[in-house]
file run-v2.pdb (PDB, C-alpha atoms)
MODEL        1
ATOM      1  CA  MET A  11      -4.645 -11.520 -35.871  1.00  0.00           C
ATOM      2  CA  SER A  12      -2.258  -8.659 -35.130  1.00  0.00           C
ATOM      3  CA  ILE A  13      -4.708  -7.198 -32.583  1.00  0.00           C
ATOM      4  CA  TRP A  14      -4.498 -10.411 -30.564  1.00  0.00           C
ATOM      5  CA  ILE A  15      -0.717 -10.306 -30.639  1.00  0.00           C
ATOM      6  CA  SER A  16      -0.829  -6.693 -29.423  1.00  0.00           C
ATOM      7  CA  ILE A  17      -3.209  -7.620 -26.607  1.00  0.00           C
ATOM      8  CA  PHE A  18      -1.016 -10.554 -25.611  1.00  0.00           C
ATOM      9  CA  ILE A  19       2.150  -8.426 -25.587  1.00  0.00           C
ATOM     10  CA  ALA A  20       0.433  -5.681 -23.554  1.00  0.00           C
ATOM     11  CA  GLY A  21      -0.794  -8.270 -21.041  1.00  0.00           C
ATOM     12  CA  LEU A  22       2.649  -9.861 -20.823  1.00  0.00           C
ATOM     13  CA  ILE A  23       4.326  -6.509 -20.205  1.00  0.00           C
ATOM     14  CA  ASN A  24       1.743  -5.660 -17.543  1.00  0.00           C
ATOM     15  CA  TYR A  25       2.228  -9.030 -15.873  1.00  0.00           C
ATOM     16  CA  LEU A  26       6.018  -8.831 -15.921  1.00  0.00           C
ATOM     17  CA  THR A  27       6.109  -5.327 -14.411  1.00  0.00           C
ATOM     18  CA  ARG A  28       3.847  -6.425 -11.570  1.00  0.00           C
ATOM     19  CA  LEU A  29       5.748  -9.668 -11.068  1.00  0.00           C
ATOM     20  CA  GLY A  30       9.076  -7.843 -11.060  1.00  0.00           C
ATOM     21  CA  ALA A  31       7.934  -5.475  -8.320  1.00  0.00           C
ATOM     22  CA  PHE A  32       6.557  -8.403  -6.341  1.00  0.00           C
ATOM     23  CA  LEU A  33       9.757 -10.441  -6.598  1.00  0.00           C
ATOM     24  CA  MET A  34      12.159  -7.572  -5.919  1.00  0.00           C
ATOM     25  CA  ILE A  35      10.546  -6.439  -2.656  1.00  0.00           C
ATOM     26  CA  ASN A  36      11.462  -8.560   0.335  1.00  0.00           C
ATOM     27  CA  PRO A  37       9.056  -7.852   3.223  1.00  0.00           C
ATOM     28  CA  LYS A  38      11.566  -9.160   5.753  1.00  0.00           C
ATOM     29  CA  LYS A  39      14.013  -6.373   4.835  1.00  0.00           C
ATOM     30  CA  MET A  40      11.444  -3.571   5.159  1.00  0.00           C
ATOM     31  CA  ASN A  41      11.535  -1.557   8.349  1.00  0.00           C
ATOM     32  CA  LYS A  42       8.525  -1.099  10.623  1.00  0.00           C
ATOM     33  CA  ILE A  43       7.677   2.423   9.405  1.00  0.00           C
ATOM     34  CA  THR A  44       7.603   1.354   5.751  1.00  0.00           C
ATOM     35  CA  LYS A  45       5.273  -1.528   6.581  1.00  0.00           C
ATOM     36  CA  GLN A  46       2.974   0.831   8.501  1.00  0.00           C
ATOM     37  CA  VAL A  47       2.862   3.323   5.622  1.00  0.00           C
ATOM     38  CA  LEU A  48       2.182   0.599   3.043  1.00  0.00           C
ATOM     39  CA  ALA A  49      -0.677  -0.705   5.188  1.00  0.00           C
ATOM     40  CA  TYR A  50      -2.619   2.465   4.269  1.00  0.00           C
ATOM     41  CA  VAL A  51      -2.226   2.039   0.502  1.00  0.00           C
ATOM     42  CA  PRO A  52      -5.389  -0.065  -0.081  1.00  0.00           C
ATOM     43  CA  SER A  53      -7.572   2.349   1.895  1.00  0.00           C
ATOM     44  CA  ALA A  54      -6.103   5.271  -0.051  1.00  0.00           C
ATOM     45  CA  VAL A  55      -6.515   3.665  -3.470  1.00  0.00           C
ATOM     46  CA  PHE A  56     -10.058   2.349  -2.917  1.00  0.00           C
ATOM     47  CA  PRO A  57     -11.726   5.795  -2.695  1.00  0.00           C
ATOM     48  CA  ALA A  58      -9.740   6.978  -5.702  1.00  0.00           C
ATOM     49  CA  ILE A  59     -11.353   4.188  -7.713  1.00  0.00           C
ATOM     50  CA  ILE A  60     -14.858   4.328  -6.233  1.00  0.00           C
ATOM     51  CA  PHE A  61     -15.625   8.048  -5.860  1.00  0.00           C
ATOM     52  CA  PRO A  62     -15.220   9.062  -9.532  1.00  0.00           C
ATOM     53  CA  ALA A  63     -17.474   6.181 -10.551  1.00  0.00           C
ATOM     54  CA  VAL A  64     -20.124   7.327  -8.078  1.00  0.00           C
ATOM     55  CA  LEU A  65     -19.845  11.103  -8.296  1.00  0.00           C
ATOM     56  CA  LEU A  66     -19.229  11.644 -12.008  1.00  0.00           C
ATOM     57  CA  GLU A  67     -21.449  11.013 -15.023  1.00  0.00           C
ATOM     58  CA  ASN A  68     -20.062   9.608 -18.280  1.00  0.00           C
ATOM     59  CA  SER A  69     -19.789  13.153 -19.624  1.00  0.00           C
ATOM     60  CA  GLY A  70     -17.570  14.207 -16.696  1.00  0.00           C
ATOM     61  CA  SER A  71     -20.150  16.346 -14.891  1.00  0.00           C
ATOM     62  CA  PHE A  72     -21.219  15.731 -11.312  1.00  0.00           C
ATOM     63  CA  VAL A  73     -24.321  13.660 -10.627  1.00  0.00           C
ATOM     64  CA  SER A  74     -27.354  15.210  -8.924  1.00  0.00           C
ATOM     65  CA  TYR A  75     -27.986  14.768  -5.224  1.00  0.00           C
ATOM     66  CA  ASN A  76     -30.927  12.408  -5.790  1.00  0.00           C
ATOM     67  CA  ASP A  77     -28.998   9.996  -8.003  1.00  0.00           C
ATOM     68  CA  PRO A  78     -29.337   6.348  -6.868  1.00  0.00           C
ATOM     69  CA  LYS A  79     -25.556   6.005  -6.649  1.00  0.00           C
ATOM     70  CA  ILE A  80     -25.328   8.846  -4.104  1.00  0.00           C
ATOM     71  CA  ILE A  81     -28.078   7.377  -1.947  1.00  0.00           C
ATOM     72  CA  ALA A  82     -26.507   3.904  -2.111  1.00  0.00           C
ATOM     73  CA  ILE A  83     -23.059   5.152  -1.170  1.00  0.00           C
ATOM     74  CA  LEU A  84     -24.515   7.026   1.815  1.00  0.00           C
ATOM     75  CA  VAL A  85     -26.209   3.814   2.959  1.00  0.00           C
ATOM     76  CA  ALA A  86     -22.937   1.914   2.502  1.00  0.00           C
ATOM     77  CA  ILE A  87     -20.953   4.540   4.438  1.00  0.00           C
ATOM     78  CA  LEU A  88     -23.386   4.397   7.367  1.00  0.00           C
ATOM     79  CA  ILE A  89     -23.450   0.607   7.461  1.00  0.00           C
ATOM     80  CA  GLY A  90     -19.674   0.437   7.062  1.00  0.00           C
ATOM     81  CA  TYR A  91     -19.171   2.879   9.914  1.00  0.00           C
ATOM     82  CA  PHE A  92     -21.294   0.852  12.302  1.00  0.00           C
ATOM     83  CA  SER A  93     -20.496  -2.684  11.128  1.00  0.00           C
ATOM     84  CA  LYS A  94     -16.733  -2.289  10.457  1.00  0.00           C
ATOM     85  CA  ASN A  95     -17.110  -5.145   7.951  1.00  0.00           C
ATOM     86  CA  ILE A  96     -16.079  -4.562   4.337  1.00  0.00           C
ATOM     87  CA  LEU A  97     -18.207  -7.381   2.908  1.00  0.00           C
ATOM     88  CA  VAL A  98     -21.356  -6.156   4.676  1.00  0.00           C
ATOM     89  CA  THR A  99     -20.574  -2.611   3.499  1.00  0.00           C
ATOM     90  CA  ILE A 100     -20.182  -3.611  -0.150  1.00  0.00           C
ATOM     91  CA  LEU A 101     -23.276  -5.799  -0.119  1.00  0.00           C
ATOM     92  CA  SER A 102     -25.380  -3.120   1.576  1.00  0.00           C
ATOM     93  CA  GLY A 103     -24.338  -0.557  -1.021  1.00  0.00           C
ATOM     94  CA  LEU A 104     -25.083  -2.900  -3.910  1.00  0.00           C
ATOM     95  CA  ILE A 105     -28.407  -4.091  -2.539  1.00  0.00           C
ATOM     96  CA  SER A 106     -29.591  -0.564  -1.719  1.00  0.00           C
ATOM     97  CA  TYR A 107     -28.583   0.576  -5.221  1.00  0.00           C
ATOM     98  CA  TRP A 108     -30.466  -2.302  -6.828  1.00  0.00           C
ATOM     99  CA  ILE A 109     -33.553  -1.676  -4.689  1.00  0.00           C
ATOM    100  CA  ILE A 110     -33.568   1.987  -5.672  1.00  0.00           C
ATOM    101  CA  ILE A 111     -33.100   1.246  -9.369  1.00  0.00           C
ATOM    102  CA  PHE A 112     -35.543  -1.639  -9.714  1.00  0.00           C
ATOM    103  CA  PHE A 113     -38.304  -0.789  -7.241  1.00  0.00           C
ATOM    104  CA  VAL A 114     -38.254   2.909  -6.369  1.00  0.00           C
ATOM    105  CA  GLN A 115     -37.582   4.417  -9.814  1.00  0.00           C
ATOM    106  CA  MET A 116     -40.380   2.621 -11.635  1.00  0.00           C
TER     107      MET A 116
ENDMDL
END
call {"tool": "encode", "arguments": {"input": "run-v2.pdb", "output": "structure tokens"}}
result
Amino acid sequence: MSIWISIFIAGLINYLTRLGAFLMINPKKMNKITKQVLAYVPSAVFPAIIFPAVLLENSGSFVSYNDPKIIAILVAILIGYFSKNILVTILSGLISYWIIIFFVQM
């Protein structure tokens, strides 16, 4: 039972820190430059989350060039560049990865 209490307390602390930052920042009081800089945060954080998952194995070493994840991310980058649509980019990467895993690597 104590593990559930620990999980609940950790979740509550996490929630309160995020809520506090959300409530304390008033977007109407931010100047134009701050808003422009903060607009780049999602596009800076997204690669930091995605690239280690694609480029690194569980052991921490780099994947080989013919890994299905590398091929799928190259397909997604090309489609994202031409389509300029995030949903199409994500779906193309996922579908190409699944096709490679299930049909090509038999």
call {"tool": "closest_residue", "arguments": {"input": "run-v2.pdb", "among": "A:Leu48, A:Ile87, A:Ala82, A:Ile17", "to": "A:Ile111", "atoms": "all atoms listed in the file"}}
result
A:Ala82
call {"tool": "resolve_selection", "arguments": {"input": "run-v2.pdb", "expression": "the PyMOL selection byres ((chain A and resi 79) around 10)", "output": "MDAnalysis selection string"}}
result
chainID A and resid 63:65 73:78 80:85 103:104 106:108 110:111
call {"tool": "axis_aligned_box", "arguments": {"input": "run-v2.pdb", "around": "stretch 70-85 of chain A", "padding_each_side": "6 Å", "output": "AutoDock Vina command-line options"}}
result
--center_x -24.2 --center_y 10.1 --center_z -6.9 --size_x 25.4 --size_y 24.5 --size_z 31.7
call {"tool": "atom_distance", "arguments": {"input": "run-v2.pdb", "atom1": "atom CA of A:Asn41", "atom2": "atom CA of A:Phe56"}}
result
24.7 Å
